[in-house]
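Undergrad: Sending over a structure as structure tokens; questions will come in a sec.
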Amino acid sequence: MLAAGGTGGHVYPALAAAEVLQTQAIAHELVFVGTQGGFERPLVEAAGVRFAAYHEVWAGPLNGVGVLTALVSLLKLAIGTLQAFALLLRHRPHAVLLTGGWANVPLAVAGWLLRAPMLVYLPDIEPALTVSVVARFARRVAVTVDDSRAFFKGSKTVTTGYPLRRSVREATRAAGRAHFGLDNDRPVLLVFGGSRGARSLNLALESCLAELLADGVQVLHLTGTLDWERSQTATQAQRDARDYHAFPYLHDDMGLALAAADVVLCRSGASTLGELPYFGLAGILVPYPHAWRYQKVNADYLVARGAALRLEDETLDKKLLPTLRELLANRVQLAQMQASARQLARDGAAALAAELLTLAGAKHG
């Protein structure tokens with residue numbers, strides 16, 4: 001049983017592990033549990049993984065919300081825990097993988113009471129409230145980097161790296177540039193803010209897009225589904241530009257976009273810890289300012305190791321163009337950042353799947 005929800009940074013690692021599990025486990029079934037009414041269902045359906053069942057449980061946020069919302073969330077969590085009990089008794093899983101999100105709390109409580117073997121995976125450097133809570137109920141905790149071990153007591157922690165989906169792992173630079181019709185001899189900037197988008201990133205790019213294109217930079221711009229129409233209007237003058245390629249979002253082709261790029265402008269969610277190192281990408285990271293500090297911690301981890309630069313959301317519109325121009329003009333710095341990123345690469349899909357199979361007592365192969 002795999003449970004995830006809330007953000008793609010939680011869902012995609014579970015799906016990456018599931019891809020490996022369906023090829024390496026013998027005589028098994030995979031069951032996915034998401035949040036009631038959550039956005040993860042279409043991601044799971046598009047993944048191409050054979051799940052025996054898909055379920056949803058009620059859950060809600062408790063951290064950083066008002067009193068009324070917290071009370072409603074407590075009611076949802078109580079209902080969700082009863083639903084989780086029913087699901088665990090119905091499927092009797094040999095192991096449960098929890099990768100974060102509110103849906104994990106009901107599963108963790110019910111799983112602990114029913115003594116189900118549970119493995120928690122922490123995508124980010126520092127655990128948020130949900131992972132901190134559910135990790136107490138788990139037998140094993142998998143982390144992306146060694147630095148995260150300090151947040152968990154005992155010897156139940158293992159470093160696996162960040163699990164990447166097969167479509168990401170198999171993407172190559174040549175295939176990516178060919179797919180998007182990009183010139184091999186000029187730099188490519190990839191800009192994205194997740195499936196829904198990040199308006200501040202879009203606005204900052206739009207304010208200097210004409211200058212970047214004039215400099216010969218090729219731009220892959222993923223606006224997010226919520227900001228697509230506004231951004232299309234704002235970039236009307238550049239829409240027919242040969243070097244500007246805009247999309248609302250990419251799912252199966254995201255690996256190709258990453259493989260084609262030289263520099264990435266994005267938030268610093270958990271996926272940056274896996275994707276940027278895997279492709280050796282220099283990152284310009286802009287932590288989301290209205291959430292808990294985990295994005296800042298992720299960004300600082302990559303910056304401290306020479307793989308990225310960090311800009312603040314409130315000054316992005318003023319600093320983006322000079323930062324990009326300086327980085328792209330300094331080939332030595334760019335190459336050093338890319339090399340530093342590659343040194344951090346560690347795909348954890350197989351390792352996470354192996355940990356889950358060991359917990360379940362299943363055969364490998």
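Naming works like this for the structure tokens: A, B, ... for the chains as they're shown, residue 1 at the start of each chain, ligands 1 onward in shown order.
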I need the residues of range 54-303 of chain A that end up classed as strand (DSSP E) by DSSP on the backbone, written out as a count of residues only.

TA: 41

Undergrad: If you count only C-alpha atoms, which residues fall within 10 Å of Thr235 in chain A, apart from same-chain ones fewer than 2 positions away, as a PyMOL selection string?

TA: chain A and resi 205-207+209-210+230-233+237-241+244+246

Undergrad: Taking only C-alpha atoms into account, name the residue in A:Val131, A:Ala282, A:Ala174, A:Leu316 that is nearest to Ala260 in chain A.

TA: A:Ala174

Undergrad: Using only C-alpha atoms, which residues sit within 7 Å of range 306-309 of chain A once same-chain residues fewer than 5 positions away are excluded, as a list in words?

TA: Ala282, Gly283, Ile284, Leu285, Met337, Gln338, Ser340 and Ala341 of chain A

Undergrad: Let me make sure I understand: among A:Leu75, A:Leu213, A:Leu222, A:Leu21, which one has the smallest atom-to-atom distance to Leu62 in chain A if we use only C-alpha atoms?

TA: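 Between A:Leu75, A:Leu213, A:Leu222, A:Leu21, the residue approaching Leu62 in chain A most closely is A:Leu75.
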
Undergrad: From the DSSP assignment of the backbone, select every residue of range 148-211 of chain A that is alpha helix (DSSP H), and format the answer as a PyMOL selection string.

TA: chain A and resi 166-169+173-180+199-211

Undergrad: For Ala339 in chain A, list every protein, DNA or RNA residue within 9 Å, evaluated using only C-alpha atoms, and leave out those in the same chain fewer than 3 positions away; present the list as a VMD selection string.

TA: chain A and resid 277 280 to 282 306 to 307 334 to 336 342 to 343

Undergrad: Mind giving me the straight-line distance from CA of Tyr121 in chain A to CA of Pro13 in chain A in Å, one decimal?

TA: 8.6 Å

Undergrad: For Leu122 in chain A, find every residue with an atom within 8 Å (counting only C-alpha atoms), except residues of its own chain fewer than 6 positions away, and show them as a list in words.

TA: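 Residues near the query, excluding close chain neighbours: Thr99, Gly100, Val131, Val141, Ala142, Val143 and Thr144 of chain A.
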
Undergrad: What is the CA of Gly274 in chain A to CA of Arg186 in chain A distance in Å?

TA: 24.9 Å

Undergrad: With distances taken over only C-alpha atoms, which of A:Leu190, A:Leu182, A:Val145, A:Leu30 is nearest to Asp124 in chain A?

TA: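 Ranking A:Leu190, A:Leu182, A:Val145, A:Leu30 by distance to Asp124 in chain A, first place goes to A:Val145.
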
Undergrad: Which neighbours of Ala70 in chain A fall inside 10 Å, counting only C-alpha atoms, when residues of the same chain fewer than 6 positions from it are skipped, and could you give them as a PyMOL selection string?

TA: chain A and resi 60-64+76

Undergrad: How many Å lie between CA of Pro287 in chain A and CA of Ala304 in chain A, rounded to one decimal?

TA: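 Atom-to-atom, CA of Pro287 in chain A to CA of Ala304 in chain A, that is 14.9 Å.
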
Undergrad: Of the candidates A:Gly193, A:Trp102, A:Leu226, A:Gly216, which shows the shortest atom-to-atom distance to Arg325 in chain A, using only C-alpha atoms?

TA: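 The answer is A:Gly216, which sits nearest to Arg325 in chain A.
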
Undergrad: May I ask which of the residues A:Leu15, A:Leu256, A:Leu265, A:Leu311 is the closest one to Ala175 in chain A, counting only C-alpha atoms?

TA: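 Going through A:Leu15, A:Leu256, A:Leu265, A:Leu311 one by one, the smallest distance to Ala175 in chain A is for A:Leu256.
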
Undergrad: Mind running range 276-359 of chain A against range 155-163 of chain A at 10 Å and telling me each contacting residue's nearest atom pair with the distance in Å (one decimal), counting only C-alpha atoms, chain and number ascending, as a Markdown table?

TA:
| residue | atom | partner | partner_atom | distance |
| --- | --- | --- | --- | --- |
| A:Tyr278 | CA | A:Tyr162 | CA | 9.6 |
| A:Leu344 | CA | A:Gly161 | CA | 9.3 |
| A:Ala345 | CA | A:Gly161 | CA | 8.0 |
| A:Arg346 | CA | A:Gly161 | CA | 5.1 |
| A:Asp347 | CA | A:Pro163 | CA | 5.4 |
| A:Gly348 | CA | A:Pro163 | CA | 4.1 |
| A:Ala349 | CA | A:Pro163 | CA | 3.9 |
| A:Ala350 | CA | A:Pro163 | CA | 7.6 |
| A:Ala351 | CA | A:Thr160 | CA | 5.4 |
| A:Leu352 | CA | A:Thr160 | CA | 6.0 |
| A:Ala353 | CA | A:Pro163 | CA | 9.2 |
| A:Ala354 | CA | A:Thr160 | CA | 9.7 |
| A:Glu355 | CA | A:Val158 | CA | 8.8 |
